[in-house]
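Engineer: Can you keep this structure in mind? I'll have questions shortly.
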Number of protein chains: 2
Amino acid sequence: MTDSSQVYVREVGPRDGLQHEQTWLDTADKLNWIEQLGEAGLTYIEITSFVSPSWIPALADADEVARTLKKSPGVTYAALVPNRKGLERALLANIDEVAIFLSASETHNQKNINADTESALARLSRVAEEARQSGKAVRGYLSMAFGCPYEGKVEVDEVERLAERLFEMGVTELSLGDTIGIAGPKQIEAVISRLGRMIPLERLALHPHNTYGTGLANIYAAFQLGIRRFDGSTGGIGGCPYARGASGNVATEDLVYLMQTLGAKTGNDLVRLTSSAQWIEKRLGRPLPSSQLQLSKEEGRCL
Amino acid sequence: MTDSSQVYVREVGPRDGLQHEQTWLDTADKLNWIEQLGEAGLTYIEITSFVSPSWIPALADADEVARTLKKSPGVTYAALVPNRKGLERALLANIDEVAIFLSASETHNQKNINADTESALARLSRVAEEARQSGKAVRGYLSMAFGCPYEGKVEVDEVERLAERLFEMGVTELSLGDTIGIAGPKQIEAVISRLGRMIPLERLALHPHNTYGTGLANIYAAFQLGIRRFDGSTGGIGGCPYARGASGNVATEDLVYLMQTLGAKTGNDLVRLTSSAQWIEKRLGRPLPSSQLQLSKEEGRCL
């Protein structure tokens with residue numbers, strides 16, 4: 001039995017949020033933050049990425065973060081894993097769940113991971129198999145699923161084809177990434193409706209970015225179609241370092257607020273999430289775009 | 001015949017946007033800005049408010065703005081008018097259209113205009129009648145239609161009752177204000193569905209604020225129900241002065257972007273709107289929350 005008002009928030013701040021940050025966050029701060037997120041009721045936290053430190057210096061302490069983490073019961077601690085080397089590290093650190101990623105755009109795969117889509121699929125297939133053999137669930141990301149900075153439009157046919165391939169590898173959940181935040185609600189509906197013909201909706205998640213301000217509108221459109229799994233990043237961390245002040249991931253606390261207005265249950269504590277956003281904003285030393293965070297600084301009331 | 005893809009944007013930046021601004025904007029700058037907005041294809045601009053200058057100092061030059069404005073053909077220049085004194089000034093300045101406002105909350109009317117709702121209705125009725133006798137169309141605002149900072153929940157019954165009263169006065173269009181930005185899409189749907197039982201949807205507009213980040217989600221919900229009239233403010237000006245960085249009105253350019261993703265036609269030029277947002281941001285000397293504006297500052301591409 002599924003409770004249609006239950007929504008599952010996947011917190012990606014410590015990974016997707018931090019990966020482009022210019023400010024180094026100490027390992028102790030990362031651990032403290034992840035602990036706060038668990039205390040705010042998040043049950044799924046992507047804590048780091050086992051990529052090469054030279055590729056993403058901000059997450060160079062992945063092994064230490066994952067190994068020394070104080071785990072809370074009921075929380076799944078996941079990490080991004082790009083290849084078998086990364087998986088080896090992730091398994092050594094005893095991560096709960098593994099996330100693998102692929103772009104829906106051929107050009108973006110070439111530029112981002114220096115491999116064509118077919119080679120990437122072959123590599124991911126081996127990673128997924130080994131992870132499952134080690135008893136780890138595997139989550140998939142399909143980035144650029146709604147548009148690509150190089151190719152522009154991304155065909156729904158291709159999104160569907162790659163989604164099928166990832167499910168064939170045994171991913172338990174596929175997160176559809178609007179990585180550059182370009183989608184509008186109609187496109188969200190078009191892609192989800194198509195994928196929903198063959199994939200149970202509880203296997204799909206939306207990974208929205210708020211670059212154009214449409215993040216919550218897109219979440220609402222997906223929610224209306226029955227999607228109940230959404231990725232968010234505390235504070236809305238995850239913006240592009242080249243865009244002063246531009247929004248990145250949808251702020252987890254704004255997502256949770258929207259869900260409250262929809263009568264959906266997340267199990268997350270909005271006050272604690274917002275405190276955590278305040279905390280990480282102070283550590284990073286730059287204003288974060290979250291609306292709840294801005295509101296928490298309000299000094300008076302405007303009528 | 002109505003073209004269901006046509007959307008009408010009501011620009012309220014020069015009035016609602018500026019009214020709480022701490023920075024004085026010179027009359028020449030206001031005129032320049034309003035001219036830019038017309039050149040960006042906006043066909044309805046609320047240019048000022050004929051309230052007492054002691055009440056809203058930022059708009060103390062209402063008469064001069066309205067009188068010296070270089071009008072473009074095809075653009076309706078409207079102004080807010082609180083009472084007969086204000087109407088007299090508005091008529092002297094030959095404003096095209098008059099906007100009157102009422103709060104859906106009894107307490108807010110008391111605190112905001114020092115009058116109970118019934119007395120306010122009586123006053124507005126006289127203003128509307130005189131305006132119409134002078135050949136001016138009258139637009140109505142019903143603020144706090146989705147929630148009040150004093151009373152919390154605002155009953156749909158009361159919103160419906162007051163909407164009826166305003167239409168009885170002859171308003172041609174009623175703008176439903178989510179003045180504190182608290183609404184979620186389901187509430188937008190509930191209120192509009194109710195009002196839509198007796199009021200043609202082309203007589204209703206939504207005046208969303210983005211305080212909690214739900215502005216575009218709310219617009220999308222209203223659009224799905226058939227609403228085609230939306231208020232926006234260039235740059236997203238209109239935030240509460242007590243809230244550092246908090247969003248106010250939905251940015252016109254973000255609204256226009258959303259409409260583009262929906263395949264709707266606004267007739268507005270997104271590039272020009274964004275330039276205008278850049279211009280006004282510079283004049284006001286504080287960062288404005290518009291997503292398009294942030295993106296226009298982007299110095300690189302994030303993948």
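Chain labels run A, B, ... following the order of the structure tokens; each chain numbers its residues from 1, and ligands are numbered from 1 in the order shown.
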May I have all residues of segment 177-256 of chain A that DSSP, computed from the backbone, assigns to strand (DSSP E or B), given as a list in words?

Structural biologist: Gly177, Leu204, Ala205, Leu206, His207, His209, Arg229, Phe230, Asp231, Gly232, Ser233, Asn249 and Ala251 of chain A

Engineer: Which polymer residues have any atom within 7 Å of an atom of segment 72-77 of chain B, counting only C-alpha atoms, with same-chain residues fewer than 4 positions away left out, as a VMD selection string?

Structural biologist: chain B and resid 38 43 to 47 95 to 97

Engineer: Restricted to N, CA, C and O atoms, what would the selected residues look like written as a CSV table (one decimal), in the first residue's frame?

Structural biologist:
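Result went into result.csv, see below:
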```csv
chain,number,residue,atom,x,y,z
B,38,GLY,N,7.6,50.0,-21.6
B,38,GLY,CA,6.7,50.0,-22.8
B,38,GLY,C,7.5,49.5,-24.0
B,38,GLY,O,6.9,48.7,-24.8
B,43,THR,N,2.0,46.1,-22.1
B,43,THR,CA,0.9,46.9,-22.6
B,43,THR,C,0.0,47.4,-21.4
B,43,THR,O,-0.9,48.1,-21.7
B,44,TYR,N,0.4,47.1,-20.2
B,44,TYR,CA,-0.3,47.6,-19.0
B,44,TYR,C,0.8,47.8,-18.0
B,44,TYR,O,1.5,46.9,-17.5
B,45,ILE,N,0.9,49.1,-17.6
B,45,ILE,CA,1.9,49.5,-16.6
B,45,ILE,C,1.2,50.3,-15.5
B,45,ILE,O,0.6,51.4,-15.8
B,46,GLU,N,1.3,49.9,-14.3
B,46,GLU,CA,0.8,50.6,-13.2
B,46,GLU,C,2.0,51.5,-12.7
B,46,GLU,O,3.0,51.1,-12.2
B,47,ILE,N,1.8,52.8,-13.0
B,47,ILE,CA,3.0,53.7,-12.9
B,47,ILE,C,3.3,54.4,-11.6
B,47,ILE,O,4.4,54.8,-11.3
B,95,ILE,N,-4.7,60.0,-16.1
B,95,ILE,CA,-4.3,58.6,-16.1
B,95,ILE,C,-5.3,57.7,-16.9
B,95,ILE,O,-6.4,58.1,-17.1
B,96,ASP,N,-4.8,56.6,-17.6
B,96,ASP,CA,-5.7,55.8,-18.4
B,96,ASP,C,-6.7,55.0,-17.6
B,96,ASP,O,-7.8,54.8,-18.1
B,97,GLU,N,-6.2,54.4,-16.5
B,97,GLU,CA,-7.0,53.5,-15.8
B,97,GLU,C,-6.7,53.6,-14.3
B,97,GLU,O,-5.6,54.0,-13.9
```

Engineer: Which is closer to Ile199 of chain A than all the others in A:Phe230, A:Phe167, A:Phe50, A:Phe223, using only C-alpha atoms?

Structural biologist: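 Looking only at the distances to Ile199 of chain A, the closest residue turns out to be A:Phe167.
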
Engineer: Please report the interatomic distance between atom CA of Ile227 of chain A and atom CA of Gln294 of chain A in Å with one decimal.

Structural biologist: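 Pair atom CA of Ile227 of chain A / atom CA of Gln294 of chain A returns 27.7 Å.
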
Engineer: Can you tell me how far atom CA of Lys30 of chain B sits from atom CA of Pro14 of chain B, in Å to one decimal?

Structural biologist: 7.2 Å

Engineer: So which bits of segment 79-270 of chain A end up helix (DSSP H, G or I) when you DSSP the backbone, as a PyMOL selection string?

Structural biologist: chain A and resi 84-92+106-113+117-133+156-168+185-196+201-203+215-225+234-236+252-261+270

Engineer: Write out as a PyMOL selection string each polymer residue whose atoms come within 10 Å of Gln22 of chain B, counting only C-alpha atoms; drop sequence neighbours fewer than 4 positions from it.

Structural biologist: chain B and resi 18+57-58+241+284

Engineer: Any idea what's packed within 6 Å of Ser233 of chain B, counting only C-alpha atoms, ignoring anything in its chain fewer than 3 positions away? Could you give it as a list in words?

Structural biologist: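 Everything that qualifies: Glu11, Val12, Gly13, Gly236, Ile237, Asn249, Ala251 and Thr252 of chain B.
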
Engineer: Between atom CA of Lys265 of chain B and atom CA of His209 of chain A, measure the distance and give it in Å to one decimal.

Structural biologist: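 We find that atom CA of Lys265 of chain B and atom CA of His209 of chain A lie 24.4 Å from each other.
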
Engineer: List as a PDB file with C-alpha atoms, in the first residue's frame the protein and nucleic acid residues near His108 of chain A, meaning an atom at most 9 Å away when only C-alpha atoms are counted, but skip any in the same chain fewer than 3 places from it.

Structural biologist:
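Writing the result to result_7.pdb gives the following:
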```
ATOM      1  CA  SER A 103      24.075  12.371 -19.207  1.00  0.00           C
ATOM      2  CA  ALA A 104      21.204  12.162 -21.663  1.00  0.00           C
ATOM      3  CA  SER A 105      23.302  14.239 -24.049  1.00  0.00           C
ATOM      4  CA  LYS A 111      32.810  16.845 -22.594  1.00  0.00           C
ATOM      5  CA  ASN A 112      32.065  15.866 -19.008  1.00  0.00           C
ATOM      6  CA  ILE A 113      33.508  12.368 -18.766  1.00  0.00           C
ATOM      7  CA  ASN A 114      35.417  12.164 -22.020  1.00  0.00           C
ATOM      8  CA  ASP A 116      30.649   8.441 -25.566  1.00  0.00           C
ATOM      9  CA  MET A 144      20.534  16.931 -18.871  1.00  0.00           C
ATOM     10  CA  CYS A 148      21.752  20.415 -22.663  1.00  0.00           C
ATOM     11  CA  PRO A 149      23.993  23.484 -22.831  1.00  0.00           C
ATOM     12  CA  TYR A 150      25.714  22.031 -25.903  1.00  0.00           C
ATOM     13  CA  GLU A 151      22.902  20.333 -27.781  1.00  0.00           C
TER      14      GLU A 151
ATOM     15  CA  LEU B 303      27.921  21.993 -16.721  1.00  0.00           C
TER      16      LEU B 303
END
```
